[in-house]
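*Asks:* This is the structure I want to talk about, given as structure tokens.
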Amino acid sequence: MQSPLPQVKLKAHNFAYSDPCNLSSRTQYKHVVFERHDRETLSVQAKTLFNSRMIFESDAELEWLLENVHSTMISIKINDDPYEINSNYVLSDSQRFVLVLHGFDETESWTTWTKMIQPLSQRYSYSVIFVDLPGFGRSSGRDSNQTSWKRNGPEIIIAILSSFHIESPVNILATCGGSATIVRTINRYPAWFRDRNLIFTNSVIGDFGESKVGAYKRWNKLRQSGFRHVQLIDFDPVKQTSQLVYPEVRVLNIGRCSFKHKAIVYQLSEEYIQQIINTLSAGNDS
């Protein structure tokens, strides 16, 4: 059964902006309005997931996650199209941000990359933002079919980033369809990502355009216009783990589709985690 569209009523008119660096010259997009609603406590779903000892075996990791991860819902309106975006995040003292996006399989949500939270933030002082894209996890959306929001994908991304009042370009860790969403966003709003490291996993070149020829042109355009830090790092089950994901964790109302009560988490080796961190950190000290 399809979920109804959300009734987004924004008390404040916060506008997404074009450039995180140049306060004086940035453009505010009056058709992209947002309001962030931080929870006073971590969401029940996140608490349940983090308390899964099958995934988070270390007491130190569990305690750190429960103490430092925060939950929020970001209301976004693009022209007349409303969205409610579920997010979990950790903020560090630095302005080094990583936006983490899942793929478009119906099993995916913000939970898939959760084994990267503590390594990125506690060990390497990144601020990290994990979101459910529309139709996935606990975000609004009638189904997980991205065609219903694809045209607004870039505006949704910059509204999410603007809601955290970021003042420097961001790094990206994205999978499959999440990677495609970011490539479209880069083409429309390049200042948000310039000179940062962009990691796309399990993505094929066809994800980056409507046709194969268009995809290669779009990819080459990125590499030739200042985005030389784009990396494709695919999972290698033989080398990095014998199984790509942990067994499903039962978490009530973690999603909106057929996997409503099931959380999926990537099973990442320390070697693979370090590869991601090394790639993100290469030439990226500020």
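Ligands are numbered from 1 in the order shown, residues from 1 within each chain, and chains are lettered A, B, ... in the order they appear in the structure tokens.
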Near Gln122 (chain A), within 10 Å and counting only C-alpha atoms, which residues show up once chain neighbours fewer than 6 positions away are dropped, as a VMD selection string?
*Replies:* chain A and resid 61 64 to 65 68 90 92
*Asks:* Mind dumping the selected residues with N, CA and C atoms as a PDB file, in the first residue's frame?
*Replies:*
ATOM      1  N   GLU A  61      32.474   0.634  21.343  1.00  0.00           N
ATOM      2  CA  GLU A  61      31.809   1.153  20.147  1.00  0.00           C
ATOM      3  C   GLU A  61      30.341   1.425  20.436  1.00  0.00           C
ATOM      4  N   TRP A  64      29.909   4.506  22.613  1.00  0.00           N
ATOM      5  CA  TRP A  64      30.223   5.725  21.858  1.00  0.00           C
ATOM      6  C   TRP A  64      29.079   6.093  20.925  1.00  0.00           C
ATOM      7  N   LEU A  65      28.521   5.115  20.215  1.00  0.00           N
ATOM      8  CA  LEU A  65      27.412   5.373  19.291  1.00  0.00           C
ATOM      9  C   LEU A  65      26.202   5.935  20.037  1.00  0.00           C
ATOM     10  N   ASN A  68      26.976   9.607  21.081  1.00  0.00           N
ATOM     11  CA  ASN A  68      27.361  10.639  20.120  1.00  0.00           C
ATOM     12  C   ASN A  68      26.475  10.770  18.883  1.00  0.00           C
ATOM     13  N   VAL A  90      26.635  12.603  13.354  1.00  0.00           N
ATOM     14  CA  VAL A  90      27.591  12.919  14.409  1.00  0.00           C
ATOM     15  C   VAL A  90      28.348  14.158  13.968  1.00  0.00           C
ATOM     16  N   SER A  92      31.576  16.663  14.658  1.00  0.00           N
ATOM     17  CA  SER A  92      32.861  16.834  15.336  1.00  0.00           C
ATOM     18  C   SER A  92      33.202  18.314  15.371  1.00  0.00           C
TER      19      SER A  92
END
*Asks:* As a compact mmCIF listing (two decimals) with N, CA, C and O atoms, in the first residue's frame, please: all residues of region 33-171 of chain A that backbone DSSP puts in alpha helix (DSSP H).
*Replies:*
# COMPACT_ATOMS: atom_id res chain seq x y z
N VAL A 44 14.31 5.54 18.54
CA VAL A 44 14.16 4.16 19.03
C VAL A 44 14.78 3.17 18.06
O VAL A 44 15.42 2.19 18.47
N GLN A 45 14.62 3.43 16.76
CA GLN A 45 15.16 2.52 15.76
C GLN A 45 16.69 2.47 15.82
O GLN A 45 17.29 1.39 15.75
N ALA A 46 17.33 3.65 15.94
CA ALA A 46 18.79 3.68 16.03
C ALA A 46 19.28 2.98 17.29
O ALA A 46 20.26 2.23 17.27
N LYS A 47 18.61 3.22 18.41
CA LYS A 47 18.99 2.56 19.66
C LYS A 47 18.91 1.04 19.52
O LYS A 47 19.81 0.31 19.97
N THR A 48 17.82 0.57 18.92
CA THR A 48 17.64 -0.88 18.76
C THR A 48 18.74 -1.46 17.89
O THR A 48 19.32 -2.51 18.20
N LEU A 49 19.05 -0.77 16.80
CA LEU A 49 20.10 -1.25 15.89
C LEU A 49 21.45 -1.30 16.61
O LEU A 49 22.16 -2.30 16.55
N PHE A 50 21.82 -0.21 17.28
CA PHE A 50 23.12 -0.15 17.93
C PHE A 50 23.26 -1.18 19.04
O PHE A 50 24.38 -1.59 19.38
N ASP A 59 31.87 -3.16 23.49
CA ASP A 59 31.19 -2.28 24.44
C ASP A 59 31.57 -0.83 24.19
O ASP A 59 30.72 0.07 24.29
N ALA A 60 32.83 -0.60 23.86
CA ALA A 60 33.30 0.77 23.64
C ALA A 60 32.62 1.40 22.43
O ALA A 60 32.20 2.57 22.47
N GLU A 61 32.47 0.63 21.34
CA GLU A 61 31.81 1.15 20.15
C GLU A 61 30.34 1.43 20.44
O GLU A 61 29.81 2.48 20.07
N LEU A 62 29.67 0.49 21.10
CA LEU A 62 28.25 0.65 21.43
C LEU A 62 28.03 1.89 22.29
O LEU A 62 27.15 2.72 21.99
N GLU A 63 28.80 2.05 23.34
CA GLU A 63 28.64 3.21 24.23
C GLU A 63 28.90 4.51 23.49
O GLU A 63 28.19 5.50 23.70
N TRP A 64 29.91 4.51 22.61
CA TRP A 64 30.22 5.72 21.86
C TRP A 64 29.08 6.09 20.92
O TRP A 64 28.69 7.26 20.83
N LEU A 65 28.52 5.12 20.21
CA LEU A 65 27.41 5.37 19.29
C LEU A 65 26.20 5.94 20.04
O LEU A 65 25.60 6.92 19.61
N LEU A 66 25.84 5.30 21.15
CA LEU A 66 24.67 5.75 21.91
C LEU A 66 24.85 7.16 22.46
O LEU A 66 23.89 7.91 22.61
N GLU A 67 26.08 7.53 22.74
CA GLU A 67 26.35 8.84 23.33
C GLU A 67 26.50 9.95 22.29
O GLU A 67 26.16 11.10 22.55
N ASN A 68 26.98 9.61 21.08
CA ASN A 68 27.36 10.64 20.12
C ASN A 68 26.47 10.77 18.88
O ASN A 68 26.49 11.81 18.23
N ILE A 117 30.49 4.68 11.04
CA ILE A 117 30.26 5.87 11.85
C ILE A 117 31.40 6.11 12.83
O ILE A 117 32.02 7.18 12.86
N GLN A 118 31.67 5.12 13.66
CA GLN A 118 32.67 5.31 14.71
C GLN A 118 34.09 5.47 14.13
O GLN A 118 34.83 6.36 14.58
N GLY A 153 16.23 15.42 -6.90
CA GLY A 153 17.32 14.84 -6.14
C GLY A 153 18.43 15.82 -5.76
O GLY A 153 18.82 15.89 -4.58
N PRO A 154 18.97 16.59 -6.71
CA PRO A 154 20.02 17.55 -6.36
C PRO A 154 19.57 18.59 -5.34
O PRO A 154 20.34 18.94 -4.42
N GLU A 155 18.34 19.06 -5.46
CA GLU A 155 17.85 20.06 -4.50
C GLU A 155 17.64 19.44 -3.11
O GLU A 155 17.88 20.11 -2.08
N ILE A 156 17.21 18.19 -3.06
CA ILE A 156 17.07 17.50 -1.78
C ILE A 156 18.44 17.41 -1.09
O ILE A 156 18.58 17.67 0.11
N ILE A 157 19.47 17.07 -1.85
CA ILE A 157 20.82 16.93 -1.29
C ILE A 157 21.33 18.25 -0.74
O ILE A 157 21.83 18.32 0.40
N ILE A 158 21.20 19.34 -1.50
CA ILE A 158 21.75 20.62 -0.98
C ILE A 158 20.90 21.17 0.16
O ILE A 158 21.42 21.89 1.01
N ALA A 159 19.62 20.82 0.21
CA ALA A 159 18.80 21.21 1.36
C ALA A 159 19.26 20.48 2.62
O ALA A 159 19.35 21.08 3.70
N ILE A 160 19.55 19.19 2.49
CA ILE A 160 20.08 18.43 3.62
C ILE A 160 21.37 19.06 4.13
O ILE A 160 21.55 19.31 5.33
N LEU A 161 22.29 19.34 3.21
CA LEU A 161 23.59 19.91 3.59
C LEU A 161 23.41 21.31 4.18
O LEU A 161 24.04 21.66 5.19
N SER A 162 22.55 22.12 3.58
CA SER A 162 22.32 23.48 4.08
C SER A 162 21.74 23.45 5.49
O SER A 162 22.00 24.35 6.29
*Asks:* Which residue out of A:Tyr83, A:Tyr189, A:Phe97, A:Phe104 has the minimum interatomic distance to Ile172 (chain A) when only C-alpha atoms are used?
*Replies:*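 Checking each of A:Tyr83, A:Tyr189, A:Phe97, A:Phe104 against Ile172 (chain A), counting only C-alpha atoms, the winner is A:Phe97.
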*Asks:* Excluding Ser109 (chain A) and residues on its chain fewer than 2 positions from it, collect all residues at most 8 Å away from it, counting only C-alpha atoms, and give them as a list in words.
*Replies:* His102, Gly103, Thr107, Thr111, Thr112, Val131, Asp132, Leu133, Phe136, Gly137, Gly255, Ala263 and Ile264 of chain A
*Asks:* Write a file of the selected residues as a short mmCIF file (atom, residue, chain, number, x, y, z; two decimals), in the first residue's frame, keeping N, CA and C atoms.
*Replies:*
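The resulting part_39.cif:
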data_model
loop_
_atom_site.label_atom_id
_atom_site.label_comp_id
_atom_site.auth_asym_id
_atom_site.auth_seq_id
_atom_site.Cartn_x
_atom_site.Cartn_y
_atom_site.Cartn_z
N HIS A 102 22.95 5.57 0.73
CA HIS A 102 22.72 4.17 0.40
C HIS A 102 22.37 4.01 -1.08
N GLY A 103 22.21 2.75 -1.50
CA GLY A 103 21.79 2.45 -2.87
C GLY A 103 20.28 2.37 -2.98
N THR A 107 16.06 -3.02 0.22
CA THR A 107 16.53 -3.36 1.56
C THR A 107 17.40 -2.26 2.17
N THR A 111 21.03 2.63 7.49
CA THR A 111 21.70 1.64 8.34
C THR A 111 22.85 0.91 7.64
N THR A 112 22.86 0.90 6.31
CA THR A 112 23.79 0.02 5.60
C THR A 112 25.26 0.32 5.89
N VAL A 131 21.59 9.52 5.74
CA VAL A 131 20.20 9.84 5.47
C VAL A 131 19.48 8.68 4.80
N ASP A 132 18.16 8.68 4.96
CA ASP A 132 17.28 7.84 4.14
C ASP A 132 16.80 8.70 2.97
N LEU A 133 17.11 8.31 1.76
CA LEU A 133 16.59 9.03 0.61
C LEU A 133 15.08 8.81 0.51
N PHE A 136 12.81 5.48 1.07
CA PHE A 136 13.62 4.47 1.75
C PHE A 136 13.62 4.75 3.26
N GLY A 137 13.83 3.68 4.04
CA GLY A 137 13.91 3.85 5.48
C GLY A 137 12.68 4.54 6.03
N GLY A 255 11.84 0.84 8.31
CA GLY A 255 11.62 1.15 6.90
C GLY A 255 10.17 1.36 6.58
N ALA A 263 16.62 -4.35 9.35
CA ALA A 263 17.75 -3.46 9.10
C ALA A 263 18.90 -4.25 8.48
N ILE A 264 19.48 -3.68 7.43
CA ILE A 264 20.60 -4.30 6.74
C ILE A 264 21.86 -3.47 7.00
#
*Asks:* Name the closest residue to Met73 (chain A) among the candidates A:Phe15, A:Trp192, A:Phe130, A:Trp149; distances are taken between atoms, counting only C-alpha atoms.
*Replies:*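 Comparing A:Phe15, A:Trp192, A:Phe130, A:Trp149 against Met73 (chain A), the winner is A:Phe130.
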*Asks:* Show me, as a ChimeraX atom specification, the residues that have an atom within 6 Å of Val251 (chain A) when counting only C-alpha atoms, minus same-chain residues fewer than 2 positions from it.
*Replies:* /A:254,261-262
*Asks:* May I have the residues from that selection written out with N, CA, C and O atoms, as a CSV table (one decimal), in the first residue's frame?
*Replies:*
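Now in selection23.csv:
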chain,number,residue,atom,x,y,z
A,254,ILE,N,11.8,0.4,11.0
A,254,ILE,CA,13.0,1.0,10.5
A,254,ILE,C,12.8,1.4,9.0
A,254,ILE,O,13.5,2.3,8.5
A,261,HIS,N,10.5,-3.9,9.0
A,261,HIS,CA,11.1,-4.2,10.3
A,261,HIS,C,12.4,-4.9,10.2
A,261,HIS,O,12.9,-5.6,11.2
A,262,LYS,N,13.2,-4.7,9.1
A,262,LYS,CA,14.5,-5.4,8.9
A,262,LYS,C,15.5,-4.3,8.6
A,262,LYS,O,15.4,-3.5,7.7
*Asks:* Fewer than 2 positions away in the same chain doesn't count, so skip those; otherwise give me all residues within 8 Å of Thr175 (chain A), counting only C-alpha atoms, as number ranges by chain.
*Replies:* A: 101-103, 173, 177-179, 200-203
*Asks:* Run DSSP on the backbone and tell me which residues of region 75-130 of chain A come out as strand (DSSP E or B); list them as a list in words.
*Replies:*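 The residues of region 75-130 of chain A classed as strand (DSSP E or B) are Ser75, Ile76, Lys77, Ile78, Asp81, Pro82, Tyr83, Glu84, Ile85, Asn86, Ser87, Asn88, Tyr89, Val90, Phe97, Val98, Leu99, Val100, Leu101, Ser127, Val128, Ile129 and Phe130 of chain A.
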*Asks:* Given only C-alpha atoms as the basis, pick out the residue of A:Thr181, A:Asn278, A:Thr114, A:Ser168 nearest to Ser94 (chain A).
*Replies:* A:Ser168
*Asks:* Determine the nearest neighbour of Ser127 (chain A) from the options A:Gln275, A:Gln95, A:Ser281, A:Ser87, counting only C-alpha atoms.
*Replies:*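 Counting only C-alpha atoms, the residue closest to Ser127 (chain A) is A:Gln95.
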*Asks:* Quick one: distance from CA of Ile74 (chain A) to CA of Asn86 (chain A) in Å, one decimal?
*Replies:*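 Interatomic distance here is 6.5 Å.
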